[in-house]
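**Q** Handing you this structure, nothing more for now.
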Amino acid sequence: MRQLNQIILAMLAMSGRVTMRGIARWTGEHGSYRTMGRFFSTVIPWATLFWLFFRKHLWRDQDVYLLAGDEVVVSKSGNQTYGVDRFFSSLASKPINGLSFFVLSLVSVSGRQSFPIKIEQVIKSDTQINNTELIKKVKTQKKRGRGRPKGSKNKNKTEVILTSELLLIQKMINSLFELVANFIPLTYLVVDGHFGNNNALQMARQVNLHIISKLRHDSALYIPYENPDSNKRSRRKYGDKLDYRNLPDKYLCKSAIEDEIQTDIYQATLLHKEFAQSLNVVILIKTNLKANTRSHVILFSSDLDLTAEKIIDYYKLRFQIEFNFRDAKQFWGLEDFMNLSQTAVTNAANLAFFMVNLSHHLLADFRKHNPGSSIIDLKAYYRGFRYVREMLKILPQKPEPILLAQIFAKLTSLGRIHPVSTGIEPS
């Protein structure tokens with residue numbers, strides 16, 4: 001904890017790349033490069049540390065929290081870093097050499113913020129082994145002829161083979177539940193369209209969570225069949241296929257026009273032949289009245305009672321985790337670290353996301369006296385405070401309080417974006 005405290009103060013004040021050597025240069029006399037090496041080679045219970053910090057400083061009573069998950073890819077050169085491989089980067093729009101981490105985050109509905117709570121590295125070799133076994137299993141199955149075999153029965157779509165990616169997420173959620181121990185009631189798992197499939201839905205239901213995600217824009221959805229004659233029994237399940245160009249008016253929930261853009265929101269309980277259960281589907285259609293063009297997005301949830309407004313709002317909140325990725329890369333060293341071993345890589349990634357949570361807490365207090373301040377302002381403030389502290393060490397006597405306050409205000413304003421207002425000095 002002593003070493004972590006020195007590292008945190010250094011990362012708040014430092015400029016340049018956040019590496020072990022860069023941190024050591026800002027920690028002072030008790031934070032040498034060897035000390036950094038010992039810290040990053042130590043196995044640290046990050047999951048417990050994340051949870052204790054969140055419960056003490058970030059949790060708000062009466063607030064509703066969602067569990068969001070997403071994968072972040074960071075570029076790395078060379079081939080000696082643990083877990084380095086080729087991963088698809090959405091920023092580069094192509095596979096790149098780097099590392100991949102899957103992050104679970106608690107998202108505050110009222111606060112509109114995301115707090116990383118659990119981070120695991122994705123090892124591609126495990127995924128390749130898992131996928132190879134699935135391919136071999138499919139190839140060994142005897143090919144059958146056309147049509148349905150005689151005597152065959154319907155498959156239970158709830159019994160799915162989870163991929164290594166879904167098994168990793170399920171393991172992370174179960175370990176998080178053991179740590180949280182019902183302290184926070186979690187109901188929904190919000191993920192992007194990559195997980196808009198039956199396997200991900202069944203994985204979420206196995207851990208007693210409802211999924212909120214997105215379907216492909218061309219997904220084949222069907223209206224449940226309704227037998228017009230109630231006296232006759234019918235085994236038919238699927239009704240008419242949904243036409244996105246001509247949606248039934250009975251499913252329309254809301255319509256609005258703003259800046260010549262018409263937004264129509266439809267909600268219905270629909271069926272998909274690849275899913276084991278009915279889906280609560282929300283379709284957003286935007287029409288450009290001037291250009292006469294339209295586009296649509298299909299959101300869904302396994303909770304059939306969830307309103308369209310909440311499905312849309314909760315899925316919007318999923319994007320808050322992307323801001324966590326941005327801050328971790330830009331300010332806290334997720335893109336900068338040069339560690340090679342498994343333990344050091346784990347510590348570097350978790351430290352970057354821990355600083356994301358810490359910055360949320362510090363900014364909440366900092367903005368009371370400095371409204372609208374950003375992380376750049378916060379780092380400039382702590383850097384200026386570091387300069388003042390080092391300057392006071394070499395002065396023959398301490399300046400008068402008025403002069404000291406002026407020096408402090410001047411130095412802590414260097415490099416800031418937003419205007420400086422009177423604030424409290426950091427302890």
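Residues in the structure tokens are numbered from 1 in each chain, the chains being A, B, ... in the order shown, and ligands are numbered from 1 in the order shown.
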May I have the residues within 9 Å of Arg416 of chain A as an MDAnalysis selection string, using only C-alpha atoms and disregarding those fewer than 6 positions away in the same chain?
**A** chainID A and resid 373:374 376:381
**Q** If you keep C-alpha atoms, can you produce a file of those selected residues as a tab-separated table (two decimals), in the first residue's frame?
**A**
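Saved to selection23.tsv:
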```
chain	number	residue	atom	x	y	z
A	373	SER	CA	-12.71	20.44	-14.80
A	374	SER	CA	-11.30	17.44	-16.65
A	376	ILE	CA	-6.06	17.25	-17.62
A	377	ASP	CA	-6.98	19.96	-15.11
A	378	LEU	CA	-6.71	17.48	-12.25
A	379	LYS	CA	-3.25	16.32	-13.34
A	380	ALA	CA	-2.10	19.93	-13.83
A	381	TYR	CA	-3.31	20.71	-10.29
```
**Q** Pick out the residues sitting within 9 Å of segment 93-101 of chain A, and hand them over as a list in words; count only C-alpha atoms, and ignore anything fewer than 5 positions along from it in its own chain.
**A**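 Contacts, with the query itself left out: Asp70, Glu71, Val72, Val73, Val74, Ser75, Lys76, Ser77, Gly78, Asn79, Thr81, Tyr82, Gly83, Val84, Asp85, Arg86, Phe87, Phe88, Ile119, Glu120, Gln121, Val122, Ile123, Lys124 and Ala349 of chain A.
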**Q** Next, the residues of the selection above should be written as a PDB file, in the first residue's frame with C-alpha atoms.
**A**
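The file below, again15.pdb, is the result:
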```pdb
ATOM      1  CA  ASP A  70     -16.616  -5.013 -23.354  1.00  0.00           C
ATOM      2  CA  GLU A  71     -13.199  -5.865 -24.752  1.00  0.00           C
ATOM      3  CA  VAL A  72     -10.356  -3.386 -25.164  1.00  0.00           C
ATOM      4  CA  VAL A  73      -7.345  -3.953 -27.418  1.00  0.00           C
ATOM      5  CA  VAL A  74      -4.032  -2.143 -26.923  1.00  0.00           C
ATOM      6  CA  SER A  75      -1.218  -2.200 -29.458  1.00  0.00           C
ATOM      7  CA  LYS A  76       2.128  -3.737 -28.487  1.00  0.00           C
ATOM      8  CA  SER A  77       5.225  -4.359 -30.576  1.00  0.00           C
ATOM      9  CA  GLY A  78       7.538  -7.318 -30.242  1.00  0.00           C
ATOM     10  CA  ASN A  79       6.671 -10.890 -29.348  1.00  0.00           C
ATOM     11  CA  THR A  81       4.991  -9.670 -23.902  1.00  0.00           C
ATOM     12  CA  TYR A  82       2.720 -12.218 -22.262  1.00  0.00           C
ATOM     13  CA  GLY A  83      -0.429 -12.813 -24.319  1.00  0.00           C
ATOM     14  CA  VAL A  84       0.626 -10.702 -27.308  1.00  0.00           C
ATOM     15  CA  ASP A  85      -1.133 -11.754 -30.495  1.00  0.00           C
ATOM     16  CA  ARG A  86      -3.202 -10.335 -33.327  1.00  0.00           C
ATOM     17  CA  PHE A  87      -6.528  -8.912 -32.157  1.00  0.00           C
ATOM     18  CA  PHE A  88      -9.109  -6.916 -34.066  1.00  0.00           C
ATOM     19  CA  ILE A 119     -10.350  -6.984 -15.635  1.00  0.00           C
ATOM     20  CA  GLU A 120      -9.091 -10.206 -17.224  1.00  0.00           C
ATOM     21  CA  GLN A 121      -6.596 -10.660 -20.046  1.00  0.00           C
ATOM     22  CA  VAL A 122      -7.815 -12.518 -23.112  1.00  0.00           C
ATOM     23  CA  ILE A 123      -5.352 -15.203 -24.245  1.00  0.00           C
ATOM     24  CA  LYS A 124      -5.957 -16.021 -27.877  1.00  0.00           C
ATOM     25  CA  ALA A 349      -3.536  -3.079 -16.860  1.00  0.00           C
TER      26      ALA A 349
END
```
**Q** Quick one: pull the distance between atom CA of Glu274 of chain A and atom CA of Leu221 of chain A, Å, one decimal.
**A**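 So the two atoms, atom CA of Glu274 of chain A and atom CA of Leu221 of chain A, lie 9.9 Å apart.
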**Q** Any idea what the distance is between atom CA of Ile298 of chain A and atom CA of Asn198 of chain A?
**A**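 Interatomic distance here is 15.2 Å.
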**Q** Per DSSP on the backbone, what are the strand (DSSP E or B) residues of segment 243-379 of chain A, as an MDAnalysis selection string?
**A** chainID A and resid 252:258 261:272 279:288 293:301
**Q** Based on the selection just made, write C-alpha atoms of those residues as a PDB file, in the first residue's frame.
**A**
```pdb
ATOM      1  CA  LEU A 252     -45.548   1.977 -32.285  1.00  0.00           C
ATOM      2  CA  CYS A 253     -44.661   3.464 -28.879  1.00  0.00           C
ATOM      3  CA  LYS A 254     -43.378   6.923 -29.683  1.00  0.00           C
ATOM      4  CA  SER A 255     -42.825   9.188 -32.661  1.00  0.00           C
ATOM      5  CA  ALA A 256     -41.036  12.538 -32.759  1.00  0.00           C
ATOM      6  CA  ILE A 257     -39.598  14.939 -35.337  1.00  0.00           C
ATOM      7  CA  GLU A 258     -36.507  17.057 -34.672  1.00  0.00           C
ATOM      8  CA  ILE A 261     -35.341  13.736 -38.606  1.00  0.00           C
ATOM      9  CA  GLN A 262     -38.331  11.593 -37.676  1.00  0.00           C
ATOM     10  CA  THR A 263     -37.708   8.999 -34.964  1.00  0.00           C
ATOM     11  CA  ASP A 264     -40.172   6.137 -34.532  1.00  0.00           C
ATOM     12  CA  ILE A 265     -39.837   3.673 -31.657  1.00  0.00           C
ATOM     13  CA  TYR A 266     -41.519   0.269 -31.905  1.00  0.00           C
ATOM     14  CA  GLN A 267     -41.654  -2.400 -29.217  1.00  0.00           C
ATOM     15  CA  ALA A 268     -42.953  -5.961 -29.436  1.00  0.00           C
ATOM     16  CA  THR A 269     -42.410  -9.462 -28.114  1.00  0.00           C
ATOM     17  CA  LEU A 270     -41.024 -11.348 -31.102  1.00  0.00           C
ATOM     18  CA  LEU A 271     -39.435 -14.675 -31.971  1.00  0.00           C
ATOM     19  CA  HIS A 272     -36.116 -15.524 -33.591  1.00  0.00           C
ATOM     20  CA  LEU A 279     -37.351 -11.506 -27.119  1.00  0.00           C
ATOM     21  CA  ASN A 280     -38.368  -8.059 -25.950  1.00  0.00           C
ATOM     22  CA  VAL A 281     -37.463  -6.166 -29.135  1.00  0.00           C
ATOM     23  CA  VAL A 282     -37.204  -2.398 -29.559  1.00  0.00           C
ATOM     24  CA  ILE A 283     -36.775  -1.039 -33.086  1.00  0.00           C
ATOM     25  CA  LEU A 284     -35.635   2.549 -33.618  1.00  0.00           C
ATOM     26  CA  ILE A 285     -36.290   3.912 -37.090  1.00  0.00           C
ATOM     27  CA  LYS A 286     -34.852   7.272 -38.118  1.00  0.00           C
ATOM     28  CA  THR A 287     -36.149   8.869 -41.308  1.00  0.00           C
ATOM     29  CA  ASN A 288     -34.568  11.878 -42.982  1.00  0.00           C
ATOM     30  CA  THR A 293     -33.681   8.039 -46.367  1.00  0.00           C
ATOM     31  CA  ARG A 294     -34.115   5.800 -43.358  1.00  0.00           C
ATOM     32  CA  SER A 295     -32.130   3.518 -41.096  1.00  0.00           C
ATOM     33  CA  HIS A 296     -32.999   1.331 -38.148  1.00  0.00           C
ATOM     34  CA  VAL A 297     -31.424  -0.245 -35.070  1.00  0.00           C
ATOM     35  CA  ILE A 298     -32.736  -3.373 -33.323  1.00  0.00           C
ATOM     36  CA  LEU A 299     -32.233  -3.642 -29.566  1.00  0.00           C
ATOM     37  CA  PHE A 300     -33.449  -6.555 -27.486  1.00  0.00           C
ATOM     38  CA  SER A 301     -33.644  -7.855 -23.946  1.00  0.00           C
TER      39      SER A 301
END
```
**Q** Determine the nearest neighbour of Ser41 of chain A from the options A:Met355, A:Thr343, A:Leu404, A:Asp249, counting only C-alpha atoms.
**A**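 Looking only at the distances to Ser41 of chain A, the closest residue turns out to be A:Thr343.
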**Q** Identify all residues of segment 27-179 of chain A in alpha helix (DSSP H) (DSSP on the backbone) and supply them as a PyMOL selection string.
**A** chain A and resi 33-40+46-53+124-140+164-179
